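Notes to accompany the following structure.
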Amino acid sequence: MATKKAAKYKRVLLKVSGEALCCEDGKGISPEKLAKVAKEVKALVRMGVQVGIVCGGGNFWRGRSSGDMDRATADYIGMLATCMNGLALKDAFVNAGIDTRLLTAVSMPTVAEPHTINRARKLLDEGVVCIFAGGTGSPFFSTDTGAALRAIEVEADVILLAKNIDAVYDSDPAKNPKAKKFDKISHTEVLEKDLKVMDATAASLCRDNNMMIHVFGLKEKDAILKACRGEKIGTIVY
């Protein structure tokens, strides 16, 4: 993997959806995908980039599909799902020789450290990769909002939003072959057009705090590395 080109960002918040980590049947965790993320994150660390990661939990649990279950209960189950992905990522990173900590917004001291802003910033300053799990720690908020919040807290330069889809489009490209791809688009346009880059709460939080988002597809070779080097891949939301 080529790493000669300098990184554009010093500190990034990588958001990885649960679906981007799942097996081909859409469930569980793919060891191959974990290894791919670990390989690219290790390349970033070697370039001197400070990396924080927020993972979703959709490969295990989708709260909005929980039927008549109490919404708060469904959201807490989702938080636990993100912790399972966080543990899997941490294991893959440690096996790849990456100094890593798992910080959770939901207290579980036997498997992870509790998240605090000062602790996260200190670890990132030391070059330790921080995996943030458990969402915001509160129900009614998505992991997108958790990613926006953590990025702002640790003063990241950008949110690298790794998804199954390769960019932001004006409609679903899987349903509309004429869907228009955006190379750049403003936060305000994303909200006004309801483009579903992130949920509205997360998108508003990024807009109000001038947090740039780089949306790209995780399936592309060296996608995370390319995005961090500022290469033309996916969509920039500014």
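Simple scheme: letters A, B, ... for chains in structure tokens order, numbers from 1 for residues in each chain, numbers from 1 for ligands in the order shown.
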
Exercise. Name all residues at most 10 Å from Phe93 (chain A) (count only C-alpha atoms; drop same-chain ones fewer than 2 positions away) and give them as a ChimeraX atom specification.
Key: /A:34-35,37-39,41-42,87-91,95-101,129

Writing out the chosen residues with N, CA, C and O atoms as a CSV table (one decimal), in the first residue's frame:
```csv
chain,number,residue,atom,x,y,z
A,34,LEU,N,-12.9,-6.4,8.6
A,34,LEU,CA,-12.2,-5.9,9.8
A,34,LEU,C,-10.7,-5.7,9.5
A,34,LEU,O,-10.1,-4.7,9.8
A,35,ALA,N,-10.1,-6.7,8.8
A,35,ALA,CA,-8.7,-6.7,8.4
A,35,ALA,C,-8.5,-5.5,7.5
A,35,ALA,O,-7.4,-4.9,7.6
A,37,VAL,N,-10.1,-2.6,7.3
A,37,VAL,CA,-10.1,-1.4,8.0
A,37,VAL,C,-8.9,-1.2,8.8
A,37,VAL,O,-8.2,-0.2,8.9
A,38,ALA,N,-8.4,-2.3,9.5
A,38,ALA,CA,-7.2,-2.3,10.3
A,38,ALA,C,-6.0,-1.9,9.5
A,38,ALA,O,-5.2,-1.1,9.9
A,39,LYS,N,-5.9,-2.5,8.3
A,39,LYS,CA,-4.8,-2.2,7.4
A,39,LYS,C,-4.7,-0.8,7.0
A,39,LYS,O,-3.6,-0.1,7.0
A,41,VAL,N,-6.2,1.8,8.6
A,41,VAL,CA,-6.0,2.7,9.8
A,41,VAL,C,-4.5,2.6,10.2
A,41,VAL,O,-3.9,3.7,10.6
A,42,LYS,N,-3.9,1.5,10.1
A,42,LYS,CA,-2.5,1.4,10.4
A,42,LYS,C,-1.6,2.3,9.5
A,42,LYS,O,-0.7,2.9,9.9
A,87,LEU,N,-15.5,-3.8,20.0
A,87,LEU,CA,-14.6,-4.9,20.5
A,87,LEU,C,-13.9,-5.6,19.4
A,87,LEU,O,-12.7,-5.9,19.4
A,88,ALA,N,-14.7,-5.9,18.3
A,88,ALA,CA,-14.2,-6.6,17.2
A,88,ALA,C,-13.1,-5.7,16.5
A,88,ALA,O,-12.1,-6.3,16.1
A,89,LEU,N,-13.4,-4.5,16.3
A,89,LEU,CA,-12.4,-3.6,15.7
A,89,LEU,C,-11.1,-3.5,16.5
A,89,LEU,O,-10.0,-3.5,16.0
A,90,LYS,N,-11.3,-3.3,17.8
A,90,LYS,CA,-10.2,-3.2,18.7
A,90,LYS,C,-9.3,-4.5,18.6
A,90,LYS,O,-8.1,-4.4,18.5
A,91,ASP,N,-9.9,-5.7,18.6
A,91,ASP,CA,-9.2,-6.9,18.4
A,91,ASP,C,-8.4,-6.9,17.1
A,91,ASP,O,-7.2,-7.3,17.1
A,95,ASN,N,-4.3,-6.9,16.8
A,95,ASN,CA,-3.6,-7.9,16.0
A,95,ASN,C,-2.7,-7.4,14.9
A,95,ASN,O,-1.8,-8.0,14.5
A,96,ALA,N,-3.1,-6.1,14.5
A,96,ALA,CA,-2.3,-5.5,13.4
A,96,ALA,C,-1.2,-4.6,14.0
A,96,ALA,O,-0.5,-4.0,13.2
A,97,GLY,N,-1.1,-4.6,15.3
A,97,GLY,CA,0.0,-3.9,15.9
A,97,GLY,C,-0.3,-2.4,16.2
A,97,GLY,O,0.6,-1.6,16.3
A,98,ILE,N,-1.6,-2.1,16.2
A,98,ILE,CA,-2.0,-0.7,16.4
A,98,ILE,C,-2.4,-0.5,17.9
A,98,ILE,O,-3.2,-1.2,18.5
A,99,ASP,N,-1.8,0.5,18.5
A,99,ASP,CA,-2.1,0.9,19.9
A,99,ASP,C,-3.5,1.5,19.9
A,99,ASP,O,-3.8,2.5,19.3
A,100,THR,N,-4.4,0.8,20.6
A,100,THR,CA,-5.8,1.1,20.5
A,100,THR,C,-6.5,1.1,21.9
A,100,THR,O,-6.2,0.3,22.7
A,101,ARG,N,-7.5,2.0,22.1
A,101,ARG,CA,-8.4,2.0,23.3
A,101,ARG,C,-9.8,2.0,22.8
A,101,ARG,O,-10.2,2.7,21.9
A,129,VAL,N,-5.1,5.1,18.8
A,129,VAL,CA,-6.4,5.1,18.1
A,129,VAL,C,-7.5,4.9,19.1
A,129,VAL,O,-7.4,4.0,19.9
```

Exercise. Please give the complete set of residues from region 156-192 of chain A that DSSP, run on the backbone, assigns to alpha helix (DSSP H), formatted as a ChimeraX atom specification.
Key: /A:187-192

Secondary structure check, strand (DSSP E or B) residues of region 68-221 of chain A, as a PDB file with N, CA, C and O atoms, in the first residue's frame:
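Result file result.pdb:
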```
ATOM      1  N   THR A 100      -4.419   0.815  20.614  1.00  0.00           N
ATOM      2  CA  THR A 100      -5.840   1.134  20.516  1.00  0.00           C
ATOM      3  C   THR A 100      -6.515   1.107  21.879  1.00  0.00           C
ATOM      4  O   THR A 100      -6.164   0.293  22.742  1.00  0.00           O
ATOM      5  N   ARG A 101      -7.500   1.985  22.072  1.00  0.00           N
ATOM      6  CA  ARG A 101      -8.351   1.957  23.256  1.00  0.00           C
ATOM      7  C   ARG A 101      -9.811   1.980  22.814  1.00  0.00           C
ATOM      8  O   ARG A 101     -10.161   2.673  21.855  1.00  0.00           O
ATOM      9  N   LEU A 102     -10.634   1.230  23.528  1.00  0.00           N
ATOM     10  CA  LEU A 102     -12.081   1.254  23.316  1.00  0.00           C
ATOM     11  C   LEU A 102     -12.702   2.071  24.437  1.00  0.00           C
ATOM     12  O   LEU A 102     -12.565   1.735  25.616  1.00  0.00           O
ATOM     13  N   LEU A 103     -13.352   3.165  24.061  1.00  0.00           N
ATOM     14  CA  LEU A 103     -14.009   4.053  25.023  1.00  0.00           C
ATOM     15  C   LEU A 103     -15.513   3.991  24.789  1.00  0.00           C
ATOM     16  O   LEU A 103     -15.981   4.135  23.658  1.00  0.00           O
ATOM     17  N   THR A 104     -16.276   3.784  25.850  1.00  0.00           N
ATOM     18  CA  THR A 104     -17.720   3.668  25.676  1.00  0.00           C
ATOM     19  C   THR A 104     -18.476   4.721  26.472  1.00  0.00           C
ATOM     20  O   THR A 104     -18.071   5.113  27.561  1.00  0.00           O
ATOM     21  N   GLU A 113     -12.934   1.323  28.538  1.00  0.00           N
ATOM     22  CA  GLU A 113     -12.795   2.500  29.388  1.00  0.00           C
ATOM     23  C   GLU A 113     -13.996   3.418  29.214  1.00  0.00           C
ATOM     24  O   GLU A 113     -14.565   3.489  28.115  1.00  0.00           O
ATOM     25  N   PRO A 114     -14.383   4.148  30.255  1.00  0.00           N
ATOM     26  CA  PRO A 114     -15.451   5.134  30.087  1.00  0.00           C
ATOM     27  C   PRO A 114     -14.951   6.309  29.260  1.00  0.00           C
ATOM     28  O   PRO A 114     -13.791   6.725  29.396  1.00  0.00           O
ATOM     29  N   VAL A 129      -5.081   5.099  18.765  1.00  0.00           N
ATOM     30  CA  VAL A 129      -6.370   5.082  18.064  1.00  0.00           C
ATOM     31  C   VAL A 129      -7.483   4.880  19.091  1.00  0.00           C
ATOM     32  O   VAL A 129      -7.414   3.967  19.921  1.00  0.00           O
ATOM     33  N   CYS A 130      -8.492   5.724  19.037  1.00  0.00           N
ATOM     34  CA  CYS A 130      -9.609   5.641  19.971  1.00  0.00           C
ATOM     35  C   CYS A 130     -10.871   5.179  19.246  1.00  0.00           C
ATOM     36  O   CYS A 130     -11.299   5.813  18.270  1.00  0.00           O
ATOM     37  N   ILE A 131     -11.455   4.090  19.721  1.00  0.00           N
ATOM     38  CA  ILE A 131     -12.729   3.617  19.194  1.00  0.00           C
ATOM     39  C   ILE A 131     -13.818   4.050  20.164  1.00  0.00           C
ATOM     40  O   ILE A 131     -13.796   3.676  21.339  1.00  0.00           O
ATOM     41  N   PHE A 132     -14.751   4.845  19.688  1.00  0.00           N
ATOM     42  CA  PHE A 132     -15.832   5.359  20.524  1.00  0.00           C
ATOM     43  C   PHE A 132     -17.090   4.526  20.272  1.00  0.00           C
ATOM     44  O   PHE A 132     -17.638   4.538  19.165  1.00  0.00           O
ATOM     45  N   ALA A 133     -17.545   3.817  21.282  1.00  0.00           N
ATOM     46  CA  ALA A 133     -18.732   2.971  21.133  1.00  0.00           C
ATOM     47  C   ALA A 133     -19.808   3.424  22.120  1.00  0.00           C
ATOM     48  O   ALA A 133     -19.570   4.243  23.011  1.00  0.00           O
ATOM     49  N   VAL A 158     -12.018  16.546  10.269  1.00  0.00           N
ATOM     50  CA  VAL A 158     -13.026  16.071   9.320  1.00  0.00           C
ATOM     51  C   VAL A 158     -13.644  14.780   9.847  1.00  0.00           C
ATOM     52  O   VAL A 158     -13.004  14.035  10.603  1.00  0.00           O
ATOM     53  N   ILE A 159     -14.881  14.525   9.444  1.00  0.00           N
ATOM     54  CA  ILE A 159     -15.484  13.216   9.648  1.00  0.00           C
ATOM     55  C   ILE A 159     -15.344  12.441   8.349  1.00  0.00           C
ATOM     56  O   ILE A 159     -15.799  12.895   7.290  1.00  0.00           O
ATOM     57  N   LEU A 160     -14.679  11.303   8.396  1.00  0.00           N
ATOM     58  CA  LEU A 160     -14.580  10.415   7.242  1.00  0.00           C
ATOM     59  C   LEU A 160     -15.734   9.418   7.358  1.00  0.00           C
ATOM     60  O   LEU A 160     -15.722   8.547   8.230  1.00  0.00           O
ATOM     61  N   LEU A 161     -16.733   9.583   6.497  1.00  0.00           N
ATOM     62  CA  LEU A 161     -17.959   8.795   6.594  1.00  0.00           C
ATOM     63  C   LEU A 161     -17.925   7.645   5.592  1.00  0.00           C
ATOM     64  O   LEU A 161     -18.203   7.814   4.407  1.00  0.00           O
ATOM     65  N   ALA A 162     -17.524   6.468   6.078  1.00  0.00           N
ATOM     66  CA  ALA A 162     -17.385   5.294   5.213  1.00  0.00           C
ATOM     67  C   ALA A 162     -18.714   4.542   5.158  1.00  0.00           C
ATOM     68  O   ALA A 162     -19.220   4.082   6.184  1.00  0.00           O
ATOM     69  N   LYS A 163     -19.246   4.415   3.942  1.00  0.00           N
ATOM     70  CA  LYS A 163     -20.560   3.806   3.783  1.00  0.00           C
ATOM     71  C   LYS A 163     -20.531   2.706   2.717  1.00  0.00           C
ATOM     72  O   LYS A 163     -19.515   2.502   2.047  1.00  0.00           O
ATOM     73  N   VAL A 168     -22.514  10.940  -2.194  1.00  0.00           N
ATOM     74  CA  VAL A 168     -23.849  11.513  -1.956  1.00  0.00           C
ATOM     75  C   VAL A 168     -24.523  11.730  -3.303  1.00  0.00           C
ATOM     76  O   VAL A 168     -23.922  12.297  -4.222  1.00  0.00           O
ATOM     77  N   TYR A 169     -25.756  11.261  -3.433  1.00  0.00           N
ATOM     78  CA  TYR A 169     -26.535  11.416  -4.664  1.00  0.00           C
ATOM     79  C   TYR A 169     -27.842  12.143  -4.356  1.00  0.00           C
ATOM     80  O   TYR A 169     -28.277  12.195  -3.195  1.00  0.00           O
ATOM     81  N   LYS A 181     -24.685  12.474  -8.858  1.00  0.00           N
ATOM     82  CA  LYS A 181     -23.669  12.419  -7.808  1.00  0.00           C
ATOM     83  C   LYS A 181     -23.129  13.814  -7.534  1.00  0.00           C
ATOM     84  O   LYS A 181     -22.895  14.593  -8.450  1.00  0.00           O
ATOM     85  N   PHE A 182     -22.936  14.121  -6.267  1.00  0.00           N
ATOM     86  CA  PHE A 182     -22.357  15.409  -5.868  1.00  0.00           C
ATOM     87  C   PHE A 182     -20.883  15.218  -5.503  1.00  0.00           C
ATOM     88  O   PHE A 182     -20.546  14.329  -4.724  1.00  0.00           O
ATOM     89  N   LYS A 184     -19.204  17.998  -4.300  1.00  0.00           N
ATOM     90  CA  LYS A 184     -19.234  18.849  -3.112  1.00  0.00           C
ATOM     91  C   LYS A 184     -20.661  19.337  -2.898  1.00  0.00           C
ATOM     92  O   LYS A 184     -21.392  19.575  -3.858  1.00  0.00           O
ATOM     93  N   ILE A 185     -21.035  19.502  -1.648  1.00  0.00           N
ATOM     94  CA  ILE A 185     -22.359  20.015  -1.332  1.00  0.00           C
ATOM     95  C   ILE A 185     -22.319  20.598   0.076  1.00  0.00           C
ATOM     96  O   ILE A 185     -21.572  20.110   0.937  1.00  0.00           O
ATOM     97  N   ILE A 213     -17.515  16.908   6.341  1.00  0.00           N
ATOM     98  CA  ILE A 213     -17.741  15.468   6.225  1.00  0.00           C
ATOM     99  C   ILE A 213     -17.257  15.015   4.853  1.00  0.00           C
ATOM    100  O   ILE A 213     -17.569  15.644   3.843  1.00  0.00           O
ATOM    101  N   HIS A 214     -16.495  13.951   4.816  1.00  0.00           N
ATOM    102  CA  HIS A 214     -16.078  13.349   3.547  1.00  0.00           C
ATOM    103  C   HIS A 214     -16.756  11.988   3.442  1.00  0.00           C
ATOM    104  O   HIS A 214     -16.439  11.061   4.192  1.00  0.00           O
ATOM    105  N   VAL A 215     -17.719  11.880   2.527  1.00  0.00           N
ATOM    106  CA  VAL A 215     -18.494  10.655   2.342  1.00  0.00           C
ATOM    107  C   VAL A 215     -17.880   9.828   1.215  1.00  0.00           C
ATOM    108  O   VAL A 215     -17.618  10.357   0.129  1.00  0.00           O
ATOM    109  N   PHE A 216     -17.673   8.535   1.459  1.00  0.00           N
ATOM    110  CA  PHE A 216     -17.090   7.680   0.421  1.00  0.00           C
ATOM    111  C   PHE A 216     -17.484   6.228   0.688  1.00  0.00           C
ATOM    112  O   PHE A 216     -17.979   5.883   1.763  1.00  0.00           O
ATOM    113  N   GLY A 217     -17.249   5.376  -0.310  1.00  0.00           N
ATOM    114  CA  GLY A 217     -17.569   3.968  -0.183  1.00  0.00           C
ATOM    115  C   GLY A 217     -16.400   3.181   0.381  1.00  0.00           C
ATOM    116  O   GLY A 217     -15.270   3.305  -0.104  1.00  0.00           O
TER     117      GLY A 217
END
```

Report as a tab-separated table the residues of region 120-161 of chain A within 9 Å of region 4-23 of chain A, each with its shortest atom pair and distance in Å (one decimal), using only C-alpha atoms, ordered by chain and increasing residue number.
```
residue	atom	partner	partner_atom	distance
A:Leu124	CA	A:Arg11	CA	8.1
A:Thr143	CA	A:Lys15	CA	8.6
A:Asp144	CA	A:Lys15	CA	7.8
A:Ala147	CA	A:Lys15	CA	6.3
A:Ala148	CA	A:Leu13	CA	8.6
A:Arg150	CA	A:Leu13	CA	7.7
A:Ala151	CA	A:Leu13	CA	5.6
A:Val154	CA	A:Arg11	CA	8.6
A:Glu155	CA	A:Arg11	CA	7.8
A:Ala156	CA	A:Arg11	CA	5.0
A:Asp157	CA	A:Arg11	CA	5.6
A:Val158	CA	A:Val12	CA	5.4
A:Ile159	CA	A:Leu13	CA	4.8
A:Leu160	CA	A:Leu14	CA	4.6
A:Leu161	CA	A:Lys15	CA	4.9
```

Keeping only N, CA and C atoms, write the selected residues as an mmCIF file, in the first residue's frame.
```
data_model
loop_
_atom_site.group_PDB
_atom_site.id
_atom_site.type_symbol
_atom_site.label_atom_id
_atom_site.label_comp_id
_atom_site.auth_asym_id
_atom_site.auth_seq_id
_atom_site.Cartn_x
_atom_site.Cartn_y
_atom_site.Cartn_z
ATOM 1 N N LEU A 124 -5.434 10.557 21.831
ATOM 2 C CA LEU A 124 -5.196 10.922 20.431
ATOM 3 C C LEU A 124 -3.890 11.694 20.275
ATOM 4 N N THR A 143 -26.054 6.800 15.903
ATOM 5 C CA THR A 143 -24.588 6.774 15.917
ATOM 6 C C THR A 143 -24.016 7.856 15.001
ATOM 7 N N ASP A 144 -24.808 8.339 14.042
ATOM 8 C CA ASP A 144 -24.380 9.495 13.244
ATOM 9 C C ASP A 144 -24.206 10.703 14.146
ATOM 10 N N ALA A 147 -21.161 10.255 16.179
ATOM 11 C CA ALA A 147 -19.948 10.562 15.415
ATOM 12 C C ALA A 147 -19.728 12.070 15.330
ATOM 13 N N ALA A 148 -20.794 12.810 15.057
ATOM 14 C CA ALA A 148 -20.682 14.270 14.987
ATOM 15 C C ALA A 148 -20.234 14.839 16.329
ATOM 16 N N ARG A 150 -18.592 13.303 18.859
ATOM 17 C CA ARG A 150 -17.204 12.958 19.188
ATOM 18 C C ARG A 150 -16.218 13.747 18.327
ATOM 19 N N ALA A 151 -16.542 13.945 17.066
ATOM 20 C CA ALA A 151 -15.651 14.720 16.188
ATOM 21 C C ALA A 151 -15.481 16.139 16.702
ATOM 22 N N VAL A 154 -13.384 16.156 20.137
ATOM 23 C CA VAL A 154 -11.927 15.953 20.035
ATOM 24 C C VAL A 154 -11.284 16.901 19.030
ATOM 25 N N GLU A 155 -12.087 17.796 18.471
ATOM 26 C CA GLU A 155 -11.606 18.812 17.531
ATOM 27 C C GLU A 155 -10.969 18.178 16.298
ATOM 28 N N ALA A 156 -11.669 17.209 15.728
ATOM 29 C CA ALA A 156 -11.204 16.563 14.499
ATOM 30 C C ALA A 156 -11.263 17.544 13.338
ATOM 31 N N ASP A 157 -10.435 17.311 12.339
ATOM 32 C CA ASP A 157 -10.442 18.163 11.146
ATOM 33 C C ASP A 157 -11.582 17.809 10.210
ATOM 34 N N VAL A 158 -12.018 16.546 10.269
ATOM 35 C CA VAL A 158 -13.026 16.071 9.320
ATOM 36 C C VAL A 158 -13.644 14.780 9.847
ATOM 37 N N ILE A 159 -14.881 14.525 9.444
ATOM 38 C CA ILE A 159 -15.484 13.216 9.648
ATOM 39 C C ILE A 159 -15.344 12.441 8.349
ATOM 40 N N LEU A 160 -14.679 11.303 8.396
ATOM 41 C CA LEU A 160 -14.580 10.415 7.242
ATOM 42 C C LEU A 160 -15.734 9.418 7.358
ATOM 43 N N LEU A 161 -16.733 9.583 6.497
ATOM 44 C CA LEU A 161 -17.959 8.795 6.594
ATOM 45 C C LEU A 161 -17.925 7.645 5.592
#
```

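Across the model, the gap from CA of Gly234 (chain A) to CA of Val197 (chain A) is 11.9 Å.
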
Self-check item: For Pro139 (chain A): contacts at 7 Å, only C-alpha atoms, fewer than 2 positions along chain excluded, given as an MDAnalysis selection string
Solution: chainID A and resid 72 75:76 137 141

Deliver the residues from the most recent selection as a file, using N, CA and C atoms, as an mmCIF file, in the first residue's frame.
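Okay, result35.cif is ready:
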```cif
data_model
loop_
_atom_site.group_PDB
_atom_site.id
_atom_site.type_symbol
_atom_site.label_atom_id
_atom_site.label_comp_id
_atom_site.auth_asym_id
_atom_site.auth_seq_id
_atom_site.Cartn_x
_atom_site.Cartn_y
_atom_site.Cartn_z
ATOM 1 N N ALA A 72 -36.695 3.665 23.874
ATOM 2 C CA ALA A 72 -35.461 3.798 24.650
ATOM 3 C C ALA A 72 -34.776 2.439 24.806
ATOM 4 N N ASP A 75 -33.084 1.499 21.615
ATOM 5 C CA ASP A 75 -31.864 2.274 21.414
ATOM 6 C C ASP A 75 -30.719 1.774 22.288
ATOM 7 N N TYR A 76 -31.036 1.354 23.515
ATOM 8 C CA TYR A 76 -29.984 0.813 24.380
ATOM 9 C C TYR A 76 -29.424 -0.489 23.805
ATOM 10 N N GLY A 137 -24.628 7.627 24.465
ATOM 11 C CA GLY A 137 -24.939 7.175 25.818
ATOM 12 C C GLY A 137 -26.381 7.428 26.196
ATOM 13 N N PHE A 141 -30.876 9.139 20.032
ATOM 14 C CA PHE A 141 -29.829 9.708 19.200
ATOM 15 C C PHE A 141 -29.144 8.588 18.420
#
```

Would you kindly return, as a compact mmCIF listing (two decimals) with all heavy atoms, in the first residue's frame, each protein, DNA or RNA residue with an atom no farther than 10 Å from any atom of Ala174 (chain A), considering only C-alpha atoms and excluding same-chain residues fewer than 4 positions away?
```
# COMPACT_ATOMS: atom_id res chain seq x y z
N ILE A 165 -22.54 2.95 0.11
CA ILE A 165 -22.68 3.73 -1.11
C ILE A 165 -21.45 4.63 -1.27
O ILE A 165 -20.86 5.06 -0.27
CB ILE A 165 -23.98 4.56 -1.07
CG1 ILE A 165 -24.28 5.19 -2.42
CG2 ILE A 165 -23.91 5.61 0.02
CD1 ILE A 165 -25.68 5.78 -2.51
N LYS A 178 -30.27 7.27 -13.05
CA LYS A 178 -29.93 8.63 -13.45
C LYS A 178 -29.66 9.53 -12.25
O LYS A 178 -29.60 10.76 -12.38
CB LYS A 178 -31.05 9.23 -14.31
CG LYS A 178 -31.25 8.51 -15.64
CD LYS A 178 -32.31 9.20 -16.48
CE LYS A 178 -32.49 8.49 -17.83
NZ LYS A 178 -33.54 9.15 -18.66
N ALA A 179 -29.50 8.93 -11.09
CA ALA A 179 -29.22 9.72 -9.89
C ALA A 179 -27.96 10.56 -10.06
O ALA A 179 -26.96 10.09 -10.59
CB ALA A 179 -29.07 8.79 -8.69
```

Quiz prompt | Residue neighbourhood Leu44 (chain A), 9 Å, only C-alpha atoms, exclusion window fewer than 3 positions, as a ChimeraX atom specification | solution = /A:3,7,39-41,47-51,224-225,228

Let me see the file: selected residues, N, CA, C and O atoms, as a PDB file, in the first residue's frame.
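File written: selection38.pdb
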```pdb
ATOM      1  N   THR A   3       2.058   4.898   0.745  1.00  0.00           N
ATOM      2  CA  THR A   3       1.764   5.880   1.783  1.00  0.00           C
ATOM      3  C   THR A   3       2.653   7.113   1.648  1.00  0.00           C
ATOM      4  O   THR A   3       2.804   7.870   2.585  1.00  0.00           O
ATOM      5  N   ALA A   7      -0.710  13.175   4.328  1.00  0.00           N
ATOM      6  CA  ALA A   7      -2.104  13.263   4.731  1.00  0.00           C
ATOM      7  C   ALA A   7      -2.557  14.722   4.708  1.00  0.00           C
ATOM      8  O   ALA A   7      -1.783  15.636   5.004  1.00  0.00           O
ATOM      9  N   LYS A  39      -5.905  -2.494   8.278  1.00  0.00           N
ATOM     10  CA  LYS A  39      -4.768  -2.233   7.391  1.00  0.00           C
ATOM     11  C   LYS A  39      -4.691  -0.757   7.012  1.00  0.00           C
ATOM     12  O   LYS A  39      -3.617  -0.142   7.042  1.00  0.00           O
ATOM     13  N   GLU A  40      -5.851  -0.167   6.698  1.00  0.00           N
ATOM     14  CA  GLU A  40      -5.859   1.232   6.279  1.00  0.00           C
ATOM     15  C   GLU A  40      -5.645   2.176   7.459  1.00  0.00           C
ATOM     16  O   GLU A  40      -4.962   3.198   7.338  1.00  0.00           O
ATOM     17  N   VAL A  41      -6.208   1.836   8.619  1.00  0.00           N
ATOM     18  CA  VAL A  41      -5.995   2.669   9.804  1.00  0.00           C
ATOM     19  C   VAL A  41      -4.515   2.635  10.203  1.00  0.00           C
ATOM     20  O   VAL A  41      -3.947   3.663  10.599  1.00  0.00           O
ATOM     21  N   MET A  47       1.377   7.517   8.930  1.00  0.00           N
ATOM     22  CA  MET A  47       1.497   8.839   8.318  1.00  0.00           C
ATOM     23  C   MET A  47       1.422   9.958   9.349  1.00  0.00           C
ATOM     24  O   MET A  47       1.546  11.135   9.023  1.00  0.00           O
ATOM     25  N   GLY A  48       1.188   9.585  10.614  1.00  0.00           N
ATOM     26  CA  GLY A  48       1.101  10.583  11.680  1.00  0.00           C
ATOM     27  C   GLY A  48      -0.292  11.120  11.912  1.00  0.00           C
ATOM     28  O   GLY A  48      -0.466  12.107  12.641  1.00  0.00           O
ATOM     29  N   VAL A  49      -1.291  10.492  11.320  1.00  0.00           N
ATOM     30  CA  VAL A  49      -2.672  10.937  11.507  1.00  0.00           C
ATOM     31  C   VAL A  49      -3.220  10.388  12.816  1.00  0.00           C
ATOM     32  O   VAL A  49      -3.031   9.219  13.151  1.00  0.00           O
ATOM     33  N   GLN A  50      -3.908  11.242  13.574  1.00  0.00           N
ATOM     34  CA  GLN A  50      -4.565  10.826  14.807  1.00  0.00           C
ATOM     35  C   GLN A  50      -5.980  10.381  14.449  1.00  0.00           C
ATOM     36  O   GLN A  50      -6.722  11.118  13.807  1.00  0.00           O
ATOM     37  N   VAL A  51      -6.350   9.173  14.892  1.00  0.00           N
ATOM     38  CA  VAL A  51      -7.585   8.551  14.412  1.00  0.00           C
ATOM     39  C   VAL A  51      -8.542   8.212  15.549  1.00  0.00           C
ATOM     40  O   VAL A  51      -8.190   7.477  16.482  1.00  0.00           O
ATOM     41  N   ILE A 224     -10.166   4.633   2.702  1.00  0.00           N
ATOM     42  CA  ILE A 224      -9.925   5.486   3.869  1.00  0.00           C
ATOM     43  C   ILE A 224      -8.649   6.293   3.677  1.00  0.00           C
ATOM     44  O   ILE A 224      -8.599   7.496   3.950  1.00  0.00           O
ATOM     45  N   LEU A 225      -7.629   5.630   3.188  1.00  0.00           N
ATOM     46  CA  LEU A 225      -6.348   6.292   2.954  1.00  0.00           C
ATOM     47  C   LEU A 225      -6.482   7.397   1.910  1.00  0.00           C
ATOM     48  O   LEU A 225      -5.966   8.512   2.088  1.00  0.00           O
ATOM     49  N   CYS A 228      -8.277  10.408   3.385  1.00  0.00           N
ATOM     50  CA  CYS A 228      -7.441  11.161   4.327  1.00  0.00           C
ATOM     51  C   CYS A 228      -6.361  11.956   3.609  1.00  0.00           C
ATOM     52  O   CYS A 228      -5.909  12.985   4.107  1.00  0.00           O
TER      53      CYS A 228
END
```

Quiz item: Of the candidates A:Val128, A:Thr201, A:Lys219, A:Ile77, which shows the shortest atom-to-atom distance to Val45 (chain A), using only C-alpha atoms?
Solution: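 Closest to Val45 (chain A), using only C-alpha atoms: A:Val128.
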
Quiz item: Could you pull the residues within 9 Å of Asn210 (chain A), counting only C-alpha atoms, minus those fewer than 4 positions along the same chain, as a ChimeraX atom specification?
Solution: /A:187,205-206,238

Practice problem: Grab the CA of Thr235 (chain A) to CA of Asp194 (chain A) distance for me, in Å with one decimal place. | Solution: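 Here the two named atoms are 15.6 Å from each other.
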
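With only C-alpha atoms as the atoms that count, the minimum distance from Gly52 (chain A) to the choices A:Met198, A:Arg229, A:Ala120, A:Leu191 is reached by A:Ala120.
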
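Nearest residue to Leu195 (chain A) among A:Val54, A:Leu218, A:Ala227, A:Val237 is A:Val237, counting only C-alpha atoms.
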
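When only C-alpha atoms are used to compute distances to Lys180 (chain A), the closest of the residues A:Glu192, A:Trp61, A:Arg119, A:Ala167 turns out to be A:Ala167.
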
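In this structure, CA of Thr82 (chain A) sits 11.7 Å away from CA of Ile29 (chain A).
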